[in-house]
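**Student:** final00.pdb (PDB, C-alpha atoms, pLDDT in the B column) pasted underneath:
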```pdb
MODEL        1
ATOM      1  CA  MET R  26      11.690  12.917   5.391  1.00 91.00           C
ATOM      2  CA  ALA R  27       8.378  11.743   4.022  1.00 97.00           C
ATOM      3  CA  LYS R  28       6.492   8.524   3.489  1.00 98.00           C
ATOM      4  CA  TYR R  29       6.366   6.834   0.094  1.00 98.00           C
ATOM      5  CA  MET R  30       4.394   3.911  -1.290  1.00 98.00           C
ATOM      6  CA  ASP R  31       6.050   2.289  -4.258  1.00 98.00           C
ATOM      7  CA  VAL R  32       4.453  -0.309  -6.469  1.00 98.00           C
ATOM      8  CA  HIS R  33       5.918  -3.142  -8.527  1.00 98.00           C
ATOM      9  CA  HIS R  34       3.796  -4.813 -11.206  1.00 98.00           C
ATOM     10  CA  GLY R  35       4.458  -7.971 -13.227  1.00 97.00           C
ATOM     11  CA  MET R  36       5.524 -10.063 -10.241  1.00 97.00           C
ATOM     12  CA  LYS R  37       3.084 -12.937 -10.780  1.00 98.00           C
ATOM     13  CA  GLY R  38       3.982 -16.003  -8.757  1.00 98.00           C
ATOM     14  CA  VAL R  39       6.411 -14.114  -6.514  1.00 98.00           C
ATOM     15  CA  THR R  40       7.181 -16.122  -3.373  1.00 98.00           C
ATOM     16  CA  ALA R  41       7.527 -15.054   0.255  1.00 98.00           C
ATOM     17  CA  GLU R  42      11.225 -15.977   0.061  1.00 98.00           C
ATOM     18  CA  GLN R  43      11.768 -13.752  -2.972  1.00 98.00           C
ATOM     19  CA  VAL R  44       9.997 -10.783  -1.381  1.00 98.00           C
ATOM     20  CA  LYS R  45      11.979 -11.280   1.818  1.00 98.00           C
ATOM     21  CA  ALA R  46      15.275 -11.493  -0.061  1.00 98.00           C
ATOM     22  CA  ALA R  47      14.458  -8.353  -2.076  1.00 98.00           C
ATOM     23  CA  HIS R  48      13.459  -6.480   1.072  1.00 98.00           C
ATOM     24  CA  GLU R  49      16.649  -7.513   2.856  1.00 98.00           C
ATOM     25  CA  ALA R  50      18.753  -6.414  -0.114  1.00 98.00           C
ATOM     26  CA  ASP R  51      17.066  -2.998   0.098  1.00 98.00           C
ATOM     27  CA  LEU R  52      17.616  -2.802   3.861  1.00 98.00           C
ATOM     28  CA  ALA R  53      21.304  -3.609   3.439  1.00 98.00           C
ATOM     29  CA  ILE R  54      21.997  -0.473   1.370  1.00 98.00           C
ATOM     30  CA  GLU R  55      19.098   1.871   2.192  1.00 98.00           C
ATOM     31  CA  LYS R  56      21.230   4.049   4.481  1.00 98.00           C
ATOM     32  CA  ASP R  57      23.286   5.188   1.477  1.00 98.00           C
ATOM     33  CA  GLU R  58      20.265   7.275   0.432  1.00 98.00           C
ATOM     34  CA  GLY R  59      18.786   7.969   3.877  1.00 98.00           C
ATOM     35  CA  VAL R  60      15.833   5.689   3.058  1.00 98.00           C
ATOM     36  CA  HIS R  61      14.121   3.209   5.346  1.00 98.00           C
ATOM     37  CA  PHE R  62      11.902   0.497   3.886  1.00 98.00           C
ATOM     38  CA  GLU R  63       9.346  -0.211   6.601  1.00 98.00           C
ATOM     39  CA  ARG R  64       7.155  -2.901   5.134  1.00 98.00           C
ATOM     40  CA  ALA R  65       6.151  -4.674   1.942  1.00 98.00           C
ATOM     41  CA  TRP R  66       2.931  -6.442   0.928  1.00 98.00           C
ATOM     42  CA  ALA R  67       2.714  -8.778  -2.044  1.00 98.00           C
ATOM     43  CA  ASP R  68      -0.109 -10.275  -4.091  1.00 98.00           C
ATOM     44  CA  PRO R  69       1.405 -13.169  -6.071  1.00 98.00           C
ATOM     45  CA  GLU R  70      -1.851 -13.675  -7.991  1.00 97.00           C
ATOM     46  CA  SER R  71      -1.942 -10.262  -9.684  1.00 97.00           C
ATOM     47  CA  GLY R  72       1.839  -9.879  -9.376  1.00 98.00           C
ATOM     48  CA  THR R  73       1.739  -6.651  -7.376  1.00 98.00           C
ATOM     49  CA  VAL R  74       4.122  -5.627  -4.594  1.00 98.00           C
ATOM     50  CA  TYR R  75       3.645  -2.521  -2.411  1.00 98.00           C
ATOM     51  CA  CYS R  76       6.549  -1.107  -0.387  1.00 98.00           C
ATOM     52  CA  LEU R  77       6.140   1.518   2.315  1.00 98.00           C
ATOM     53  CA  SER R  78       9.180   3.626   3.077  1.00 98.00           C
ATOM     54  CA  GLU R  79      10.385   6.765   4.768  1.00 98.00           C
ATOM     55  CA  ALA R  80      12.747   8.701   2.559  1.00 98.00           C
ATOM     56  CA  PRO R  81      14.085  12.129   1.594  1.00 98.00           C
ATOM     57  CA  SER R  82      12.638  11.814  -1.950  1.00 98.00           C
ATOM     58  CA  ALA R  83      10.968   9.464  -4.431  1.00 98.00           C
ATOM     59  CA  GLU R  84      14.232   9.433  -6.386  1.00 98.00           C
ATOM     60  CA  ALA R  85      16.120   8.154  -3.331  1.00 98.00           C
ATOM     61  CA  VAL R  86      13.610   5.284  -2.976  1.00 98.00           C
ATOM     62  CA  GLN R  87      14.004   4.423  -6.646  1.00 98.00           C
ATOM     63  CA  ARG R  88      17.813   4.545  -6.547  1.00 98.00           C
ATOM     64  CA  ILE R  89      17.870   1.870  -3.829  1.00 98.00           C
ATOM     65  CA  HIS R  90      15.359  -0.317  -5.692  1.00 98.00           C
ATOM     66  CA  GLU R  91      17.378   0.081  -8.914  1.00 98.00           C
ATOM     67  CA  ARG R  92      20.643  -0.906  -7.261  1.00 98.00           C
ATOM     68  CA  THR R  93      19.041  -4.070  -5.837  1.00 98.00           C
ATOM     69  CA  GLY R  94      17.641  -4.987  -9.244  1.00 97.00           C
ATOM     70  CA  HIS R  95      13.945  -4.295  -8.767  1.00 96.00           C
ATOM     71  CA  LYS R  96      13.046  -0.841 -10.044  1.00 98.00           C
ATOM     72  CA  ALA R  97       9.574   0.260  -8.948  1.00 98.00           C
ATOM     73  CA  ASP R  98       6.913   0.984 -11.575  1.00 98.00           C
ATOM     74  CA  GLU R  99       5.433   3.770  -9.431  1.00 97.00           C
ATOM     75  CA  VAL R 100       6.724   5.734  -6.427  1.00 98.00           C
ATOM     76  CA  HIS R 101       4.060   7.814  -4.700  1.00 98.00           C
ATOM     77  CA  PRO R 102       4.570  10.263  -1.868  1.00 98.00           C
ATOM     78  CA  VAL R 103       1.795   9.549   0.667  1.00 98.00           C
ATOM     79  CA  PRO R 104       1.584  12.677   2.845  1.00 98.00           C
ATOM     80  CA  ILE R 105      -1.900  11.699   4.098  1.00 98.00           C
ATOM     81  CA  ILE R 106      -1.982   8.759   6.508  1.00 98.00           C
ATOM     82  CA  VAL R 107      -4.951   7.705   8.631  1.00 97.00           C
TER
ATOM     83  CA  MET Y 264      -9.116 -13.672   7.848  1.00 90.00           C
ATOM     84  CA  ALA Y 265      -6.536 -12.305   5.489  1.00 98.00           C
ATOM     85  CA  LYS Y 266      -4.899  -9.005   4.651  1.00 98.00           C
ATOM     86  CA  TYR Y 267      -6.010  -6.924   1.689  1.00 98.00           C
ATOM     87  CA  MET Y 268      -4.633  -3.833  -0.001  1.00 98.00           C
ATOM     88  CA  ASP Y 269      -7.249  -1.920  -1.924  1.00 98.00           C
ATOM     89  CA  VAL Y 270      -6.537   0.955  -4.252  1.00 98.00           C
ATOM     90  CA  HIS Y 271      -8.596   3.964  -5.288  1.00 98.00           C
ATOM     91  CA  HIS Y 272      -7.598   5.972  -8.360  1.00 98.00           C
ATOM     92  CA  GLY Y 273      -8.904   9.310  -9.616  1.00 97.00           C
ATOM     93  CA  MET Y 274      -8.712  11.032  -6.233  1.00 97.00           C
ATOM     94  CA  LYS Y 275      -6.584  14.003  -7.323  1.00 98.00           C
ATOM     95  CA  GLY Y 276      -6.598  16.789  -4.759  1.00 98.00           C
ATOM     96  CA  VAL Y 277      -8.062  14.619  -2.004  1.00 98.00           C
ATOM     97  CA  THR Y 278      -7.564  16.241   1.402  1.00 98.00           C
ATOM     98  CA  ALA Y 279      -6.565  14.768   4.747  1.00 98.00           C
ATOM     99  CA  GLU Y 280     -10.044  15.630   6.053  1.00 98.00           C
ATOM    100  CA  GLN Y 281     -11.728  13.739   3.213  1.00 98.00           C
ATOM    101  CA  VAL Y 282      -9.556  10.665   3.690  1.00 98.00           C
ATOM    102  CA  LYS Y 283     -10.167  10.742   7.424  1.00 98.00           C
ATOM    103  CA  ALA Y 284     -13.948  11.090   6.950  1.00 98.00           C
ATOM    104  CA  ALA Y 285     -14.014   8.220   4.432  1.00 98.00           C
ATOM    105  CA  HIS Y 286     -11.945   6.015   6.735  1.00 98.00           C
ATOM    106  CA  GLU Y 287     -14.216   6.775   9.695  1.00 98.00           C
ATOM    107  CA  ALA Y 288     -17.294   5.975   7.615  1.00 98.00           C
ATOM    108  CA  ASP Y 289     -15.752   2.591   6.797  1.00 98.00           C
ATOM    109  CA  LEU Y 290     -14.850   1.953  10.442  1.00 98.00           C
ATOM    110  CA  ALA Y 291     -18.404   2.725  11.514  1.00 98.00           C
ATOM    111  CA  ILE Y 292     -19.886  -0.175   9.521  1.00 98.00           C
ATOM    112  CA  GLU Y 293     -16.938  -2.529   8.923  1.00 98.00           C
ATOM    113  CA  LYS Y 294     -18.101  -4.997  11.582  1.00 98.00           C
ATOM    114  CA  ASP Y 295     -21.153  -5.837   9.448  1.00 98.00           C
ATOM    115  CA  GLU Y 296     -18.800  -7.725   7.136  1.00 98.00           C
ATOM    116  CA  GLY Y 297     -16.146  -8.769   9.655  1.00 98.00           C
ATOM    117  CA  VAL Y 298     -13.679  -6.353   8.071  1.00 98.00           C
ATOM    118  CA  HIS Y 299     -11.165  -4.108   9.819  1.00 98.00           C
ATOM    119  CA  PHE Y 300      -9.601  -1.205   7.967  1.00 98.00           C
ATOM    120  CA  GLU Y 301      -6.213  -0.756   9.593  1.00 98.00           C
ATOM    121  CA  ARG Y 302      -4.670   2.136   7.732  1.00 98.00           C
ATOM    122  CA  ALA Y 303      -4.881   4.286   4.626  1.00 98.00           C
ATOM    123  CA  TRP Y 304      -2.231   6.228   2.697  1.00 98.00           C
ATOM    124  CA  ALA Y 305      -3.081   8.884   0.138  1.00 98.00           C
ATOM    125  CA  ASP Y 306      -1.199  10.668  -2.623  1.00 98.00           C
ATOM    126  CA  PRO Y 307      -3.283  13.729  -3.570  1.00 98.00           C
ATOM    127  CA  GLU Y 308      -0.950  14.521  -6.469  1.00 97.00           C
ATOM    128  CA  SER Y 309      -1.575  11.336  -8.467  1.00 97.00           C
ATOM    129  CA  GLY Y 310      -4.977  10.838  -6.821  1.00 98.00           C
ATOM    130  CA  THR Y 311      -4.212   7.415  -5.388  1.00 98.00           C
ATOM    131  CA  VAL Y 312      -5.409   6.028  -2.055  1.00 98.00           C
ATOM    132  CA  TYR Y 313      -4.233   2.712  -0.576  1.00 98.00           C
ATOM    133  CA  CYS Y 314      -6.201   1.011   2.209  1.00 98.00           C
ATOM    134  CA  LEU Y 315      -4.861  -1.895   4.240  1.00 98.00           C
ATOM    135  CA  SER Y 316      -7.456  -4.155   5.838  1.00 98.00           C
ATOM    136  CA  GLU Y 317      -7.999  -7.486   7.488  1.00 98.00           C
ATOM    137  CA  ALA Y 318     -11.069  -9.220   6.124  1.00 98.00           C
ATOM    138  CA  PRO Y 319     -12.736 -12.538   5.332  1.00 98.00           C
ATOM    139  CA  SER Y 320     -12.722 -11.801   1.577  1.00 98.00           C
ATOM    140  CA  ALA Y 321     -12.037  -9.154  -1.065  1.00 98.00           C
ATOM    141  CA  GLU Y 322     -15.795  -8.963  -1.647  1.00 98.00           C
ATOM    142  CA  ALA Y 323     -16.381  -8.073   2.012  1.00 98.00           C
ATOM    143  CA  VAL Y 324     -13.863  -5.215   1.727  1.00 98.00           C
ATOM    144  CA  GLN Y 325     -15.561  -3.962  -1.402  1.00 98.00           C
ATOM    145  CA  ARG Y 326     -19.064  -4.170   0.082  1.00 98.00           C
ATOM    146  CA  ILE Y 327     -18.049  -1.819   2.916  1.00 98.00           C
ATOM    147  CA  HIS Y 328     -16.363   0.624   0.514  1.00 98.00           C
ATOM    148  CA  GLU Y 329     -19.448   0.550  -1.749  1.00 98.00           C
ATOM    149  CA  ARG Y 330     -21.834   1.259   1.101  1.00 98.00           C
ATOM    150  CA  THR Y 331     -19.766   4.269   2.181  1.00 98.00           C
ATOM    151  CA  GLY Y 332     -19.716   5.603  -1.372  1.00 97.00           C
ATOM    152  CA  HIS Y 333     -16.125   4.951  -2.384  1.00 96.00           C
ATOM    153  CA  LYS Y 334     -15.842   1.689  -4.290  1.00 98.00           C
ATOM    154  CA  ALA Y 335     -12.231   0.542  -4.699  1.00 98.00           C
ATOM    155  CA  ASP Y 336     -10.748   0.183  -8.180  1.00 98.00           C
ATOM    156  CA  GLU Y 337      -8.638  -2.786  -7.087  1.00 98.00           C
ATOM    157  CA  VAL Y 338      -8.762  -5.101  -4.063  1.00 98.00           C
ATOM    158  CA  HIS Y 339      -5.697  -7.311  -3.708  1.00 98.00           C
ATOM    159  CA  PRO Y 340      -5.161 -10.085  -1.193  1.00 98.00           C
ATOM    160  CA  VAL Y 341      -1.629  -9.604   0.193  1.00 98.00           C
ATOM    161  CA  PRO Y 342      -0.682 -12.948   1.769  1.00 98.00           C
ATOM    162  CA  ILE Y 343       3.019 -12.052   1.729  1.00 98.00           C
ATOM    163  CA  ILE Y 344       4.078  -9.401   4.236  1.00 98.00           C
ATOM    164  CA  VAL Y 345       7.627  -8.550   5.207  1.00 97.00           C
TER
ENDMDL
END
```
Any chance you could give the structure as structure tokens?
**Tutor:**
Amino acid sequence: MAKYMDVHHGMKGVTAEQVKAAHEADLAIEKDEGVHFERAWADPESGTVYCLSEAPSAEAVQRIHERTGHKADEVHPVPIIV
Amino acid sequence: MAKYMDVHHGMKGVTAEQVKAAHEADLAIEKDEGVHFERAWADPESGTVYCLSEAPSAEAVQRIHERTGHKADEVHPVPIIV
């Protein structure tokens, strides 16, 4: 298991309710891939959403996001954490 | 005070020691601007570093990063957190 930061662009005007609903949809099925989405941060102005997860692979993170209808634009392993 | 996610690109091959040293340099002077850098995540492969902070403004975050020699490429307010 490793930590991943994935990034969604083009989400201008996204609301807290939308981010919460998307996060909950991910949480509902994340176990299918052994992923856990820990937290998400969103900037509605630039339309950027960052999701921090623990997962077996970047592909596993993306498969969950794809199934819930919000494929990430980038999925980065983040092995360095301070 | 608000939360910010800032992003540094072009950091390919960055090491844990370098990220730790940069973070500690920020912590040493962050109070000058009322900023607190809470955590940083780095992907040495793509050369991306994400820093989460609490600060009075994006400009305050950037001023600390500039003084410690690592200006951020993006500083995003992240008012939505789940």
**Student:** Can you tell me how far atom CA of R:Ala65 sits from atom CA of Y:Val345, in Å to one decimal?
**Tutor:**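 Separation of atom CA of R:Ala65 and atom CA of Y:Val345: 5.3 Å.
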**Student:** Just fit chain Y onto chain R on all the Cα atoms, in order, by least squares, and give it as a PDB file with C-alpha atoms, in the frame of the given file.
**Tutor:**
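This is the output file out-v3.pdb:
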```pdb
ATOM      1  CA  MET Y 264      11.684  12.887   5.386  1.00 90.00           C
ATOM      2  CA  ALA Y 265       8.381  11.741   4.020  1.00 98.00           C
ATOM      3  CA  LYS Y 266       6.477   8.523   3.483  1.00 98.00           C
ATOM      4  CA  TYR Y 267       6.357   6.818   0.104  1.00 98.00           C
ATOM      5  CA  MET Y 268       4.381   3.909  -1.291  1.00 98.00           C
ATOM      6  CA  ASP Y 269       6.049   2.286  -4.255  1.00 98.00           C
ATOM      7  CA  VAL Y 270       4.457  -0.320  -6.460  1.00 98.00           C
ATOM      8  CA  HIS Y 271       5.914  -3.146  -8.525  1.00 98.00           C
ATOM      9  CA  HIS Y 272       3.799  -4.813 -11.210  1.00 98.00           C
ATOM     10  CA  GLY Y 273       4.468  -7.956 -13.234  1.00 97.00           C
ATOM     11  CA  MET Y 274       5.513 -10.056 -10.242  1.00 97.00           C
ATOM     12  CA  LYS Y 275       3.067 -12.930 -10.791  1.00 98.00           C
ATOM     13  CA  GLY Y 276       3.974 -15.989  -8.752  1.00 98.00           C
ATOM     14  CA  VAL Y 277       6.407 -14.115  -6.514  1.00 98.00           C
ATOM     15  CA  THR Y 278       7.179 -16.124  -3.376  1.00 98.00           C
ATOM     16  CA  ALA Y 279       7.531 -15.064   0.244  1.00 98.00           C
ATOM     17  CA  GLU Y 280      11.227 -15.992   0.052  1.00 98.00           C
ATOM     18  CA  GLN Y 281      11.772 -13.754  -2.976  1.00 98.00           C
ATOM     19  CA  VAL Y 282      10.003 -10.803  -1.377  1.00 98.00           C
ATOM     20  CA  LYS Y 283      11.960 -11.291   1.825  1.00 98.00           C
ATOM     21  CA  ALA Y 284      15.283 -11.499  -0.060  1.00 98.00           C
ATOM     22  CA  ALA Y 285      14.469  -8.360  -2.077  1.00 98.00           C
ATOM     23  CA  HIS Y 286      13.457  -6.478   1.066  1.00 98.00           C
ATOM     24  CA  GLU Y 287      16.650  -7.520   2.859  1.00 98.00           C
ATOM     25  CA  ALA Y 288      18.748  -6.421  -0.113  1.00 98.00           C
ATOM     26  CA  ASP Y 289      17.088  -3.000   0.094  1.00 98.00           C
ATOM     27  CA  LEU Y 290      17.624  -2.801   3.859  1.00 98.00           C
ATOM     28  CA  ALA Y 291      21.303  -3.612   3.434  1.00 98.00           C
ATOM     29  CA  ILE Y 292      21.999  -0.472   1.376  1.00 98.00           C
ATOM     30  CA  GLU Y 293      19.094   1.869   2.192  1.00 98.00           C
ATOM     31  CA  LYS Y 294      21.219   4.044   4.488  1.00 98.00           C
ATOM     32  CA  ASP Y 295      23.273   5.188   1.481  1.00 98.00           C
ATOM     33  CA  GLU Y 296      20.270   7.275   0.444  1.00 98.00           C
ATOM     34  CA  GLY Y 297      18.770   7.967   3.872  1.00 98.00           C
ATOM     35  CA  VAL Y 298      15.838   5.693   3.057  1.00 98.00           C
ATOM     36  CA  HIS Y 299      14.107   3.209   5.349  1.00 98.00           C
ATOM     37  CA  PHE Y 300      11.902   0.502   3.896  1.00 98.00           C
ATOM     38  CA  GLU Y 301       9.355  -0.204   6.605  1.00 98.00           C
ATOM     39  CA  ARG Y 302       7.166  -2.899   5.137  1.00 98.00           C
ATOM     40  CA  ALA Y 303       6.156  -4.676   1.954  1.00 98.00           C
ATOM     41  CA  TRP Y 304       2.936  -6.444   0.944  1.00 98.00           C
ATOM     42  CA  ALA Y 305       2.712  -8.772  -2.032  1.00 98.00           C
ATOM     43  CA  ASP Y 306      -0.103 -10.271  -4.076  1.00 98.00           C
ATOM     44  CA  PRO Y 307       1.410 -13.158  -6.073  1.00 98.00           C
ATOM     45  CA  GLU Y 308      -1.853 -13.666  -7.963  1.00 97.00           C
ATOM     46  CA  SER Y 309      -1.947 -10.261  -9.674  1.00 97.00           C
ATOM     47  CA  GLY Y 310       1.833  -9.879  -9.370  1.00 98.00           C
ATOM     48  CA  THR Y 311       1.734  -6.659  -7.375  1.00 98.00           C
ATOM     49  CA  VAL Y 312       4.117  -5.634  -4.594  1.00 98.00           C
ATOM     50  CA  TYR Y 313       3.651  -2.535  -2.416  1.00 98.00           C
ATOM     51  CA  CYS Y 314       6.552  -1.119  -0.392  1.00 98.00           C
ATOM     52  CA  LEU Y 315       6.131   1.507   2.309  1.00 98.00           C
ATOM     53  CA  SER Y 316       9.184   3.627   3.071  1.00 98.00           C
ATOM     54  CA  GLU Y 317      10.376   6.759   4.767  1.00 98.00           C
ATOM     55  CA  ALA Y 318      12.754   8.705   2.564  1.00 98.00           C
ATOM     56  CA  PRO Y 319      14.079  12.127   1.590  1.00 98.00           C
ATOM     57  CA  SER Y 320      12.650  11.822  -1.946  1.00 98.00           C
ATOM     58  CA  ALA Y 321      10.971   9.479  -4.425  1.00 98.00           C
ATOM     59  CA  GLU Y 322      14.236   9.438  -6.384  1.00 98.00           C
ATOM     60  CA  ALA Y 323      16.124   8.150  -3.334  1.00 98.00           C
ATOM     61  CA  VAL Y 324      13.618   5.289  -2.983  1.00 98.00           C
ATOM     62  CA  GLN Y 325      14.000   4.438  -6.640  1.00 98.00           C
ATOM     63  CA  ARG Y 326      17.807   4.553  -6.556  1.00 98.00           C
ATOM     64  CA  ILE Y 327      17.870   1.872  -3.835  1.00 98.00           C
ATOM     65  CA  HIS Y 328      15.356  -0.318  -5.696  1.00 98.00           C
ATOM     66  CA  GLU Y 329      17.376   0.081  -8.922  1.00 98.00           C
ATOM     67  CA  ARG Y 330      20.636  -0.895  -7.268  1.00 98.00           C
ATOM     68  CA  THR Y 331      19.054  -4.053  -5.845  1.00 98.00           C
ATOM     69  CA  GLY Y 332      17.653  -4.975  -9.250  1.00 97.00           C
ATOM     70  CA  HIS Y 333      13.959  -4.291  -8.769  1.00 96.00           C
ATOM     71  CA  LYS Y 334      13.058  -0.840 -10.048  1.00 98.00           C
ATOM     72  CA  ALA Y 335       9.582   0.266  -8.948  1.00 98.00           C
ATOM     73  CA  ASP Y 336       6.916   0.986 -11.560  1.00 98.00           C
ATOM     74  CA  GLU Y 337       5.432   3.764  -9.429  1.00 98.00           C
ATOM     75  CA  VAL Y 338       6.726   5.722  -6.427  1.00 98.00           C
ATOM     76  CA  HIS Y 339       4.064   7.809  -4.706  1.00 98.00           C
ATOM     77  CA  PRO Y 340       4.565  10.267  -1.874  1.00 98.00           C
ATOM     78  CA  VAL Y 341       1.795   9.553   0.664  1.00 98.00           C
ATOM     79  CA  PRO Y 342       1.578  12.674   2.849  1.00 98.00           C
ATOM     80  CA  ILE Y 343      -1.890  11.708   4.090  1.00 98.00           C
ATOM     81  CA  ILE Y 344      -1.997   8.766   6.492  1.00 98.00           C
ATOM     82  CA  VAL Y 345      -4.946   7.732   8.612  1.00 97.00           C
TER      83      VAL Y 345
END
```
**Student:** Applying 8 Å and all atoms listed in the file, which residues near stretch 77-91 of chain R remain after dropping the ones on its own chain fewer than 4 positions away? List them as a PDB file with C-alpha atoms, keeping the file's coordinate frame.
**Tutor:**
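Dumped everything to result_38.pdb:
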```pdb
ATOM      1  CA  MET R  26      11.690  12.917   5.391  1.00 91.00           C
ATOM      2  CA  ALA R  27       8.378  11.743   4.022  1.00 97.00           C
ATOM      3  CA  LYS R  28       6.492   8.524   3.489  1.00 98.00           C
ATOM      4  CA  TYR R  29       6.366   6.834   0.094  1.00 98.00           C
ATOM      5  CA  MET R  30       4.394   3.911  -1.290  1.00 98.00           C
ATOM      6  CA  ASP R  31       6.050   2.289  -4.258  1.00 98.00           C
ATOM      7  CA  ASP R  51      17.066  -2.998   0.098  1.00 98.00           C
ATOM      8  CA  ILE R  54      21.997  -0.473   1.370  1.00 98.00           C
ATOM      9  CA  GLU R  55      19.098   1.871   2.192  1.00 98.00           C
ATOM     10  CA  GLU R  58      20.265   7.275   0.432  1.00 98.00           C
ATOM     11  CA  GLY R  59      18.786   7.969   3.877  1.00 98.00           C
ATOM     12  CA  VAL R  60      15.833   5.689   3.058  1.00 98.00           C
ATOM     13  CA  HIS R  61      14.121   3.209   5.346  1.00 98.00           C
ATOM     14  CA  PHE R  62      11.902   0.497   3.886  1.00 98.00           C
ATOM     15  CA  GLU R  63       9.346  -0.211   6.601  1.00 98.00           C
ATOM     16  CA  ARG R  64       7.155  -2.901   5.134  1.00 98.00           C
ATOM     17  CA  ALA R  65       6.151  -4.674   1.942  1.00 98.00           C
ATOM     18  CA  HIS R  95      13.945  -4.295  -8.767  1.00 96.00           C
ATOM     19  CA  LYS R  96      13.046  -0.841 -10.044  1.00 98.00           C
ATOM     20  CA  ALA R  97       9.574   0.260  -8.948  1.00 98.00           C
ATOM     21  CA  VAL R 100       6.724   5.734  -6.427  1.00 98.00           C
ATOM     22  CA  HIS R 101       4.060   7.814  -4.700  1.00 98.00           C
ATOM     23  CA  PRO R 102       4.570  10.263  -1.868  1.00 98.00           C
TER      24      PRO R 102
END
```
**Student:** For chain R, which of Y:Val312, Y:Leu290, Y:His271, Y:Trp304 is the closest residue, counting only C-alpha atoms?
**Tutor:**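 Among the listed residues, the smallest separation from chain R belongs to Y:Trp304.
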**Student:** Between R:Ala53, R:Val103, R:Val32, R:Val39, which residue has the minimum interatomic distance to chain Y, considering all atoms listed in the file?
**Tutor:**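 Looking only at the distances to chain Y, the closest residue turns out to be R:Val103.
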**Student:** Considering all atoms listed in the file, can you say which of R:Gly35, R:Thr40, R:Asp98, R:Pro104 comes closest to Y:Gly310?
**Tutor:**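 Closest candidate: R:Pro104.
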**Student:** Rounded to one decimal in Å, what is the spacing between atom CA of R:Ile105 and atom CA of R:Val44?
**Tutor:**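 Interatomic distance here is 26.0 Å.
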**Student:** Can you measure atom CA of R:Gly38 to atom CA of R:Pro69 for me? One decimal in Å is fine.
**Tutor:** 4.7 Å
**Student:** Return the single residue from R:Glu49, R:Thr93, R:Glu99, R:Ala41 that is closest to chain Y, with distances computed using only C-alpha atoms.
**Tutor:**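 The shortest atom-to-atom distance to chain Y comes from R:Ala41.
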**Student:** Extending 6 Å beyond the listed atoms of stretch 41-50 of chain R on each side, what axis-aligned box results? I want centre and edge lengths in Å to one decimal, as AutoDock Vina command-line options.
**Tutor:**
```
--center_x 13.1 --center_y -11.2 --center_z -0.1 --size_x 23.2 --size_y 21.6 --size_z 17.8
```
**Student:** My list of candidates is Y:Ala288, Y:Asp295, Y:His272, Y:Glu308. Which is closest to chain R when distances are computed with only C-alpha atoms?
**Tutor:**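 When distances to chain R are compared using only C-alpha atoms, the smallest one comes from Y:Glu308.
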**Student:** My list of candidates is R:Lys56, R:Lys37, R:Lys45, R:Arg92. Which is closest to chain Y when distances are computed with all atoms listed in the file?
**Tutor:** R:Lys45
